[in-house]
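Reviewing the structure listed below.
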Amino acid sequence: MFPDSLNLSIRAPVNDFIQALVTNYGWVFKAISGVILKAVLFIEWILRGLPWWLVILAFMALACRSSRRWSLTLAVCALLETVGVLGIWDLTMQTLALMLMATIVSVVIGVPMGILVAKSRVVRNITLPVLDVMQTMPSFVYLIPALMLFGLGKVPAILATIIYAVPPLIRLTDLGIRQVDAEVVEAATAFGGSPGQILFGVELPLATPTIMAGLNQTIMMALSMVVVASMIGARGLGEQVLNGIQTLDVGKGLEAGIGIVILAVVLDRITQGFGKPRTEDARNG
Amino acid sequence: SYCGDGKTVTFAGIDWESGAFITEVMKTILSKGYDCQVDSIPGNSVTLEQATANNDVQIFAEEWLGRSDVWNKAVEEKKVIAVGKTFVGASEGWFVPDYVVHGDPARNIEAKAPDLKSVSQLTDPKIAEIFADPEEPSKGRFLNCPSGWTCEGVSTAKLEAYKLGETYVNFRPGTGTALDAAITSAYLQGEPIFFYYWSPTAILGKFKLIQLEEPAYNEACWKELSSANGKRDEGCAFPSVDVAYGVNSTFASEAPEIVEILEKATFPLDEVNASLAYMADNKVDATAAAAEFLKTKGDIWSKWVSDEARGKIEAGLK
């Protein structure tokens, strides 16, 4: 046994800190929360407001553009039809909105962060352990304080999703840039390319397949957080799953579960497709 | 005896404060006093009720009788029985913080709804606006029980019966912790919040809350509300509730000596509240509160057990 006399618990100070934060600075977080909420509600308003066939058409167009295969395009159409037939269209759109918001913020944070990590050893040494913490810390540990600060519902869910889903994007952006052939960069430098030109004209385009793989992982991880997010009141497919399993209504849980899987498959194939053709272009060109 | 044969007594690992506390106390009594192997499985109440019916769980320490379809069905099929009374005087209802009605000059909070006292006033759009749901600002937010809790179905039914479905979002927080955190956070910031809660709980002991009046309880109305497919024309208050130990029938016939203890083990409501306050004030978990209860309240629990067991438990606590 570790001697009790050496115990140093951080429980009480952390609890007091959170309580003081909520009591005194609650309004600051409420304001931030309000902004994020507006953005999600806007995305949700668009997705839920559009007629279903238009959403399916948009997804088909994306699938066609990304894969250039008719089979996938038709499969996407059939899968989304299934969602509608199962009667979970509206919930799926709510989940999609939540996930899109989390993904957009993840990209805004993740890609620049990944570039910084690739370029600077110091940033890299600081960031990587932080990413480890983000990926391993059980999400409930930060969900509950986030909930007290940002209010119940979508906003803490999005924040938790970002914390969990952004690390792969940062890691893979970093990897992608560092994997760019040093000779290619050297050649670009020899032709007088400025660091900015090299980054945007050489490194990022060559790293795109890896970055897209990172984005793909981010989306998948965001989807896997959907059920956890519902535990703090985010509505959508996750809530339906939670409700289904908690009331022993297995059928209801499975229906919503299928919805999540379909969303995952569709988004996975589309983002994977966007990664691939560029590789070929890059090789050919 | 059951424990003498080396069989394990599995408790439902119910996670609300009073349930967790009572489960810990009974676990300690059985393991220390009667040399039982004890265990508890975590889960939500519906799953654990089902597990009790299947004899995967033997004792459900705080079963609110007549509230859950799963439980009622298991009782009808004689798979489970209710034993004794865990405590007497439990209550539940819909609450708002006191400062919403009376204000709180000390914290500089003005009364937002000075006349609010009854559920019937909730249809007023002005009241709904006070409790506005940030995600759907045109409606108020009613913070229901987490889905899977028995009270969730009843409160949802009531929301319809009181014709509040149009003006309020039926917001299910997902977990009990989320519900508590939302209430605590709102209370600390002095914001209006409208929610379901019950006693005995630390929240009700800690915060000054007002329970909204509802039409008096009657059996016919309750029957419709508490059934998943019932009518939703009439709302009424929650009935006073019997809380008992839910016990698997097979287990009850195999272990009459344990059932005998449960029959006697009624916690005085004050003691439950005191223990919950102890948990909240000292920020300790149910295990610590149970140990404290067993150490200091020997006069209460010693009446439940045999003299021999009492000696063993006291020795075990040292």
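Numbering starts fresh at 1 for the residues of each chain in the structure tokens, the chains themselves are lettered A, B, ... in the order given, and ligands are numbered from 1 as they appear.
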* With a cut-off of 6 Å and counting only C-alpha atoms, select all residues of chain A in contact with chain B and give the selection as a PyMOL selection string. => chain A and resi 23+148+230-233+243+246-247
* To do: Output as an MDAnalysis selection string all residues of segment 127-298 of chain B that backbone DSSP marks as alpha helix (DSSP H).
  => chainID B and resid 127:130 150:161 176:188 202:206 219:226 249:254 256:264 269:282 286:296 298
* Contacts of Val154 of chain B at 12 Å or less, counting only C-alpha atoms, minus same-chain residues fewer than 3 places along, as a VMD selection string? -> chain B and resid 66 to 69 92 to 94 144 to 151 157 to 161 170 196 221 to 232 235 to 239
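Residues lying within 7 Å of Met60 of chain A, counting only C-alpha atoms and ignoring same-chain neighbours fewer than 2 positions away, are Ile56, Leu57, Ala58, Leu62, Ala63, Cys64, Thr73, Val76 and Cys77 of chain A.
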* Asked: Quick one: residues within 9 Å of segment 199-214 of chain B, only C-alpha atoms counted, chain neighbours fewer than 2 positions away excluded, as an NGL selection string?
  -> :B and (16-18 or 89-99 or 101 or 116-120 or 180 or 183-184 or 187 or 197 or 216-217 or 235-238 or 269-270 or 272-273 or 275-277 or 279-280)
* **Selection: 12 Å around segment 299-307 of chain B, only C-alpha atoms, excl. self and same-chain fewer than 5 positions, as a PyMOL selection string** => chain B and resi 22+25-26+28-30+32-34+84+257-268+270-272+290+293-294+312-314
Kindly save the residues from that selection, with C-alpha atoms included, as a short mmCIF file (atom, residue, chain, number, x, y, z; two decimals), in the first residue's frame.
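What follows is the written file selection-v1.cif:
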```cif
data_model
loop_
_atom_site.label_atom_id
_atom_site.label_comp_id
_atom_site.auth_asym_id
_atom_site.auth_seq_id
_atom_site.Cartn_x
_atom_site.Cartn_y
_atom_site.Cartn_z
CA ILE B 22 -28.71 2.09 1.42
CA VAL B 25 -25.22 -0.21 4.26
CA MET B 26 -27.02 -3.46 3.49
CA THR B 28 -21.81 -4.19 4.72
CA ILE B 29 -24.35 -5.69 7.11
CA LEU B 30 -24.62 -8.88 5.07
CA LYS B 32 -19.63 -8.38 7.87
CA GLY B 33 -22.48 -9.72 9.98
CA TYR B 34 -23.51 -12.81 8.05
CA GLY B 84 -40.31 -4.48 4.09
CA GLU B 257 -32.85 -15.35 6.97
CA ILE B 258 -31.84 -12.46 4.73
CA VAL B 259 -35.43 -11.56 3.91
CA GLU B 260 -36.07 -11.39 7.63
CA ILE B 261 -33.37 -8.73 7.99
CA LEU B 262 -34.78 -6.73 5.09
CA GLU B 263 -38.26 -6.83 6.62
CA LYS B 264 -36.96 -5.06 9.69
CA ALA B 265 -34.54 -2.71 7.97
CA THR B 266 -36.50 0.51 7.67
CA PHE B 267 -34.29 3.60 7.54
CA PRO B 268 -35.78 6.62 9.32
CA ASP B 270 -34.21 11.82 8.85
CA GLU B 271 -31.26 9.44 8.94
CA VAL B 272 -31.29 9.04 5.17
CA ALA B 290 -22.50 3.95 4.93
CA PHE B 293 -23.84 5.47 9.50
CA LEU B 294 -22.90 2.00 10.75
CA LYS B 312 -19.38 -9.11 14.11
CA ILE B 313 -20.35 -5.96 12.25
CA GLU B 314 -19.02 -3.73 15.01
#
```
* Structure fact -> Judged by only C-alpha atoms, the minimum distance to Glu77 of chain B among B:Lys318, B:Ala53, B:Glu62, B:Ser253 is found for B:Ala53
* Can you pull out every residue within 12 Å of Ala157 of chain A, counting only C-alpha atoms, but drop anything in the same chain fewer than 2 positions away, and send it as a PyMOL selection string? => (chain A and resi 33+36-37+40+95+98-99+101-102+139-140+142-147+150-155+159-165+222-223+225-236+238-239) or (chain B and resi 173-174+178)
* Run DSSP on the backbone and grab whatever in segment 83-280 of chain B lands in strand (DSSP E or B); send it over as number ranges by chain. => B: 83-87, 91-97, 104, 109, 118, 132-133, 136-143, 168-171, 195-199, 209-211, 213, 243-248, 267
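Pairwise distance (atom CA of Glu292 of chain B, atom CA of Gln37 of chain B) equals 21.5 Å.
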